[in-house]
Amino acid sequence: MGEEANENSVLMGGHTKNKKDVDYGHPASDGHNENSLQFAGVLLVCQIIFMILFGVFVRYNDDGIDEDMDRTYPWFQDTHVMIVVGFGFLMTFLKRYGWSSVGFNFLFTGFTIQWSLLVTGFFHDILHHFTDAHASNATSAMHIQMNMGRMLEADFTTGAVLISFGAVLGVASPVQLLFMILFEVVFYNLNALVLGDNYIGASDIGGSMVIHAFGAYFGLAVARVLYKPNGQMDNAAEGAEYHSDMFSMIGTVFLWMFWPSFNSAPGSDVDRYYAICNTYLALSAACVSTFIFSILFNPKRRITMEHIQNATLAGGVAMGTAANMQVQPFGALFIGFSAGLLSTAGYTYIKPFLAEKVSLHDTCGVNNLHGMPAIMAAIFSIVHCAINNPDQMMPQVFGLLATLGTALATGTLTGCFLRLPAVEHLGEYEYFEDGKYWEIEEDEEKED
Amino acid sequence: MGEEANENSVLMGGHTKNKKDVDYGHPASDGHNENSLQFAGVLLVCQIIFMILFGVFVRYNDDGIDEDMDRTYPWFQDTHVMIVVGFGFLMTFLKRYGWSSVGFNFLFTGFTIQWSLLVTGFFHDILHHFTDAHASNATSAMHIQMNMGRMLEADFTTGAVLISFGAVLGVASPVQLLFMILFEVVFYNLNALVLGDNYIGASDIGGSMVIHAFGAYFGLAVARVLYKPNGQMDNAAEGAEYHSDMFSMIGTVFLWMFWPSFNSAPGSDVDRYYAICNTYLALSAACVSTFIFSILFNPKRRITMEHIQNATLAGGVAMGTAANMQVQPFGALFIGFSAGLLSTAGYTYIKPFLAEKVSLHDTCGVNNLHGMPAIMAAIFSIVHCAINNPDQMMPQVFGLLATLGTALATGTLTGCFLRLPAVEHLGEYEYFEDGKYWEIEEDEEKED
Amino acid sequence: MGEEANENSVLMGGHTKNKKDVDYGHPASDGHNENSLQFAGVLLVCQIIFMILFGVFVRYNDDGIDEDMDRTYPWFQDTHVMIVVGFGFLMTFLKRYGWSSVGFNFLFTGFTIQWSLLVTGFFHDILHHFTDAHASNATSAMHIQMNMGRMLEADFTTGAVLISFGAVLGVASPVQLLFMILFEVVFYNLNALVLGDNYIGASDIGGSMVIHAFGAYFGLAVARVLYKPNGQMDNAAEGAEYHSDMFSMIGTVFLWMFWPSFNSAPGSDVDRYYAICNTYLALSAACVSTFIFSILFNPKRRITMEHIQNATLAGGVAMGTAANMQVQPFGALFIGFSAGLLSTAGYTYIKPFLAEKVSLHDTCGVNNLHGMPAIMAAIFSIVHCAINNPDQMMPQVFGLLATLGTALATGTLTGCFLRLPAVEHLGEYEYFEDGKYWEIEEDEEKED
């Protein structure tokens with residue numbers, strides 16, 4: 001019998017495994033069936049409600065003209081690639097959770113787009129209808145508009161949701177994630193409204209506060225509340241292998257390449273000019289900086305793949321808030337360099353520290369890629385405004401504080417809801433496994 | 001010896017195999033050599049003829065100006081990505097046919113582009129020259145024009161061809177596929193001409209009838225004629241594995257993201273506005289719908305990867321014909337939702353039914369992804385026109401019927417030609433194997 | 001013990017291996033630590049110097065307006081994808097060097113962008129300031145401009161650098177590569193200056209001479225100087241496997257699709273029209289031609305994956321110089337066809353010939369994909385000019401000769417510098433292995 005175990009030991013992409021290691025966790029089928037029925041059921045109910053709400057509220061622009069379409073569509077498509085390919089493949093590094101990473105990322109994109117168009121439209125068009133007596137815009141009949149700008153906003157919202165997804169990847173059940181999205185999109189819009197021109201008036205073209213900080217700290221609050229001692233930390237299933245890390249690099253490079261589009265998409269021509277130049281430079285410096293500190297922080301002086309996949313992108317996050325400000329090329333390089341350093345340090349030192357000290361399990365390390373670099377982005381914008389545009393300084397400070405407060409408070413609330421026993425959740429030995437929700441071909445189990 | 005078999009049993013991406021299972025099928029080398037010489041020979045003859053025909057007939061626009069270039073090029077490139085990356089990688093799900101899927105898809109793209117530019121140009125510029133006495137356009141000297149519009153049309157034609165390829169993936173030989181393409185492009189243009197403004201006058205901006213229905217039913221007719229009882233059904237080689245399914249998801253997501261470009265590329269600004277909004281929404285709903293019904297249709301309530309890879313895209317097909325019609329956002333969601341349901345049901349119930357009852361082997365399930373959703377697209381356009389634009393209703397009906405009739409008839413004819421003994425074909429145990437046509441590195445066979 | 005070896009023999013993507021074969025080479029850790037510290041140290045020093053130089057010299061356009069931005073940005077992004085995804089994944093074919101291929105490609109992109117912006121800016125803005133007394137442009141204060149045009153030029157320069165990287169992939173250490181880049185970018189700009197309007201006045205819209213020929217022959221000169229007899233040729237580690245070749249195809253198709261953007265990006269509208277049409281056609285013919293000759297040149301009449309990954313792209317290189325010339329569609333097809341033939345012949349016959357006769361180890365075969373097709377590109381432009389525009393003929397001849405001379409001479413010089421003992425280099429058994437520089441997860445070594 002011991003021999004058999006040996007015979008089954010294999011190499012996958014250069015990694016030695018024994019068969020037990022790749023036995024996908026299949027819970028008792030009864031419980032499983034009920035759980036997945038809840039998953040399909042929640043999806044079906046939501047999709048039907050979405051269609052009804054769209055029927056009642058959402059309409060094309062009245063005149064069928066969207067002047068933003070030709071100008072913004074290539075920018076939108078770059079953003080779209082970041083959301084679906086970038087986030088989707090970035091998360092495929094887990095060796096046994098690749099299908100879930102790219103598959104659920106895909107599902108949540110389709111789901112969040114619809115919900116976000118409704119919620120954002122409600123905040124922009126319906127609320128506005130009540131609050132602004134002078135409203136004489138095209139949607140005066142209390143309708144939500146459907147156009148390029150809203151599609152872009154829906155993709156941005158999806159970005160925030162997928163960042164939160166990264167914090168609980170492999171730990172939250174799909175049903176928990178659906179409920180998380182339903183709540184998060186509302187709170188995301190609330191926060192964006194508060195930061196907007198009618199209230200705080202913060203400037204945040206690349207959405208480092210609105211998207212990255214919110215998404216990260218909302219997700220981390222959820223992750224903390226969902227934490228359970230057995231099976232989340234030190235689970236052998238939570239590992240990468242040679243080829244899963246290659247798939248993940250697909251996500252990394254698409255995010256890195258198109259981040260200038262992300263940070264510049266909503267802007268005017270001048271905004272776009274600064275945002276593209278700044279983000280391009282910040283990302284270049286973050287890429288180099290990550291390699292430097294990945295080596296320096298490693299006792300064996302080797303590069304850690306996780307750093308390259310993630311911290312190289314921190315330059316895009318850290319540049320987001322000040323992207324359209326005239327920080328000069330030097331400033332952009334400095335921001336990117338600092339972000340690569342901070343993020344690499346985050347993966348090396350802060351992530352294990354938080355895991356041990358406050359039981360925070362952050363699967364993708366969103367605190368290091370999105371959270372801390374987003375705070376850095378806000379701080380850079382505060383410093384820049386303090387020097388060049390003092391009137392704008394306090395809005396930036398309040399914007400950061402409001403975002404952090406809202407994200408942590410609403411994320412904690414949402415996490416508590418997700419722990420209700422009625423909401424399907426994962427058992428102790430079911431984390432980081434595709435096998436619970438995906439049909440894996442029979443031939444892989446033939447010889448078990 | 002039995003022990004050795006055990007020792008060779010391995011896990012690949014979590015799948016257990018025994019070595020026999022990955023022994024690439026190498027036919028007797030004599031027969032193989034002749035076969036591949038026919039492959040290279042047909043390609044070479046065609047390529048030389050293409051160059052001669054281009055030399056005689058094809059010219060740039062006379063004034064070197066193509067006003068469509070800057071406006072349409074980003075849309076064209078999105079379409080181009082769908083054709084080469086989207087279709088190419090979508091078909092890599094087969095564990096031993098990945099090189100052929102992405103490689104032949106690539107070859108057929110290069111091949112079809114050239115042939116399509118000639119045939120489409122012949123139908124547009126040369127035929128037109130004879131039929132329209134008043135022709136005083138720039139190509140009055142009986143020349144075929146080369147410009148952005150024609151490149152877009154060539155990519156669309158390639159799309160139809162690659163859909164047909166999907167129906168016989170791993171079953172038809174490359175020579176058969178080359179002849180299939182030579183015929184199909186002609187019949188495709190014939191059908192497009194009949195549906196066009198001079199005859200039926202059907203409206204089909206996204207090409208659901210012209211591209212998807214034609215490509216699918218032409219290919220399915222070929223597949224039916226090429227069907228042989230031994231080795232096509234229930235062949236162990238026709239399976240996926242963990243990582244081949246990951247590669248396939250690369251295709252899925254690029255198709256999904258850029259489908260709005262595909263459906264809107266040929267249109268005016270207003271067309272594009274509606275087509276982008278509608279396709280974006282239909283795809284979002286189809287994505288959610290596929291997950292719902294993939295779970296509900298599975299006895300163990302697990303998600304089937306094949307559904308996610310394919311049925312999520314049916315929303316783009318089903319939206320194609322009515323993409324520029326004002327179906328309203330609700331209508332687009334409903335179309336996408338229905339398409340996801342229909343396509344998932346197709347993969348679950350209709351594909352095995354057709355396999356058993358009418359011996360139809362449809363490798364990629366193109367009937368489920370392209371065929372039925374395209375018929376649905378036409379029906380939605382008929383219903384929309386019946387209500388809003390009655391004059392256009394019958395052209396839509398005739399367009400659908402003409403397409404189905406032409407595709408099935410010419411596909412059957414083509415299939416009969418491909419069965420001529422002189423045309424290289426695959427033997428019973430040669431399906432779904434890269435090894436017949438590709439040089440696989442020696443070291444993989446060293447220890448056999 | 002012999003049994004154990006058997007037990008460890010496995011199949012990976014259809015390839016048989018024994019464990020020794022996947023034991024990543026780990027040199028003695030002391031030496032390694034010092035080496036990698038040099039790597040991190042050089043990177044850090046360069047990055048700091050870059051930031052200082054940017055602070056002193058580089059500024060935004062004075063008025064914050066970049067009229068090229070909206071018009072060129074989609075073209076730039078396509079080029080960006082070619083550089084990062086295209087080159088990065090194309091090089092992942094090596095089974096044990098995939099992380100280094102895509103990872104170092106990524107690092108060198110971030111690094112070269114910065115250095116190139118400085119050097120190119122120095123040649124354009126600073127030198128110009130001294131040589132042109134009438135200089136009254138926006139950067140009269142001796143500043144380097146930062147805008148879309150410079151970003152495009154930085155990406156082109158990175159392309160040349162990554163071509164050189166391909167010649168020494170797995171053979172040069174990262175430190176050697178960093179020094180190579182520092183030199184190459186200067187010499188690249190020198191060559192581009194000499195070829196430009198102030199001196200030779202060569203026409204080279206797609207950069208076949210400036211980018212491809214220079215990058216290839218500079219890299220090959222470096223490769224020749226770095227050649228060592230033990231371990232570069234016939235090293236079992238320098239091989240592909242089934243899935244690494246699939247990853248490489250991701251690079252191939254993105255390069256192939258976006259090459260029309262690469263060749264047309266810097267041009268006017270009319271240039272772009274010709275360049276896009278010509279490149280699209282040349283690539284289609286090269287794709288078909290490669291399949292033809294890959295079969296014909298193979299004794300077993302099978303397709304060689306390396307040819308498909310590379311020679312299909314030679315059409316883009318060979319079309320580069322004459323891309324905006326009116327060679328007519330036939331001419332473009334002929335150029336593409338010839339390039340596919342030449343490049344396939346290069347991989348089949350010339351590469352092994354050069355390896356044996358002149359000890360030239362060319363890991364990616366850049367002579368076949370970039371070098372010879374680029375010379376062909378120049379020759380086609382010479383022939384075209386001889387017939388249609390005689391005044392331009394000699395500049396094309398001189399441009400080619402100057403490029404070849406400069407590349408070989410400066411590459412040789414650079415290679416000599418890289419052989420200085422103080423510069424970290426790879427030992428005899430350390431080629432083509434990720435394990436020297438990357439932290440590979442422990443679990444893969446657990447059972448060694």
# chains A, B, ... in the order shown; residues from 1 in each chain; ligands from 1

call {"tool": "calpha_fit_rmsd", "arguments": {"fixed": "chain A", "moving": "chain B"}}
result
0.1 Å

call {"tool": "residues_around", "arguments": {"residues": "Thr414 in chain B", "least_positions_apart": "6", "cutoff": "12 Å", "atoms": "only C-alpha atoms", "output": "JSON, numbers by chain"}}
result
{"B": [164, 176, 177, 178, 179, 180, 181, 182, 183, 184, 185, 186, 187, 218, 219, 220, 221, 222, 223, 224, 225, 226, 406, 407, 408, 420]}

call {"tool": "select_by_dssp", "arguments": {"residues": "range 39-246 of chain C", "states": "strand (DSSP E)", "output": "number ranges by chain"}}
result
C: 58-60, 144-146

call {"tool": "residues_around", "arguments": {"residues": "Ala240 in chain C", "least_positions_apart": "6", "cutoff": "7 Å", "atoms": "only C-alpha atoms", "output": "PyMOL selection string"}}
result
chain C and resi 93-95

call {"tool": "closest_residue", "arguments": {"among": "B:Tyr274, B:Lys436, B:Met393, B:Ala386", "to": "chain C", "atoms": "only C-alpha atoms"}}
result
B:Lys436

call {"tool": "closest_residue", "arguments": {"among": "B:Tyr431, B:Phe334, B:Tyr60, B:Phe50", "to": "Ala286 in chain B", "atoms": "only C-alpha atoms"}}
result
B:Phe334
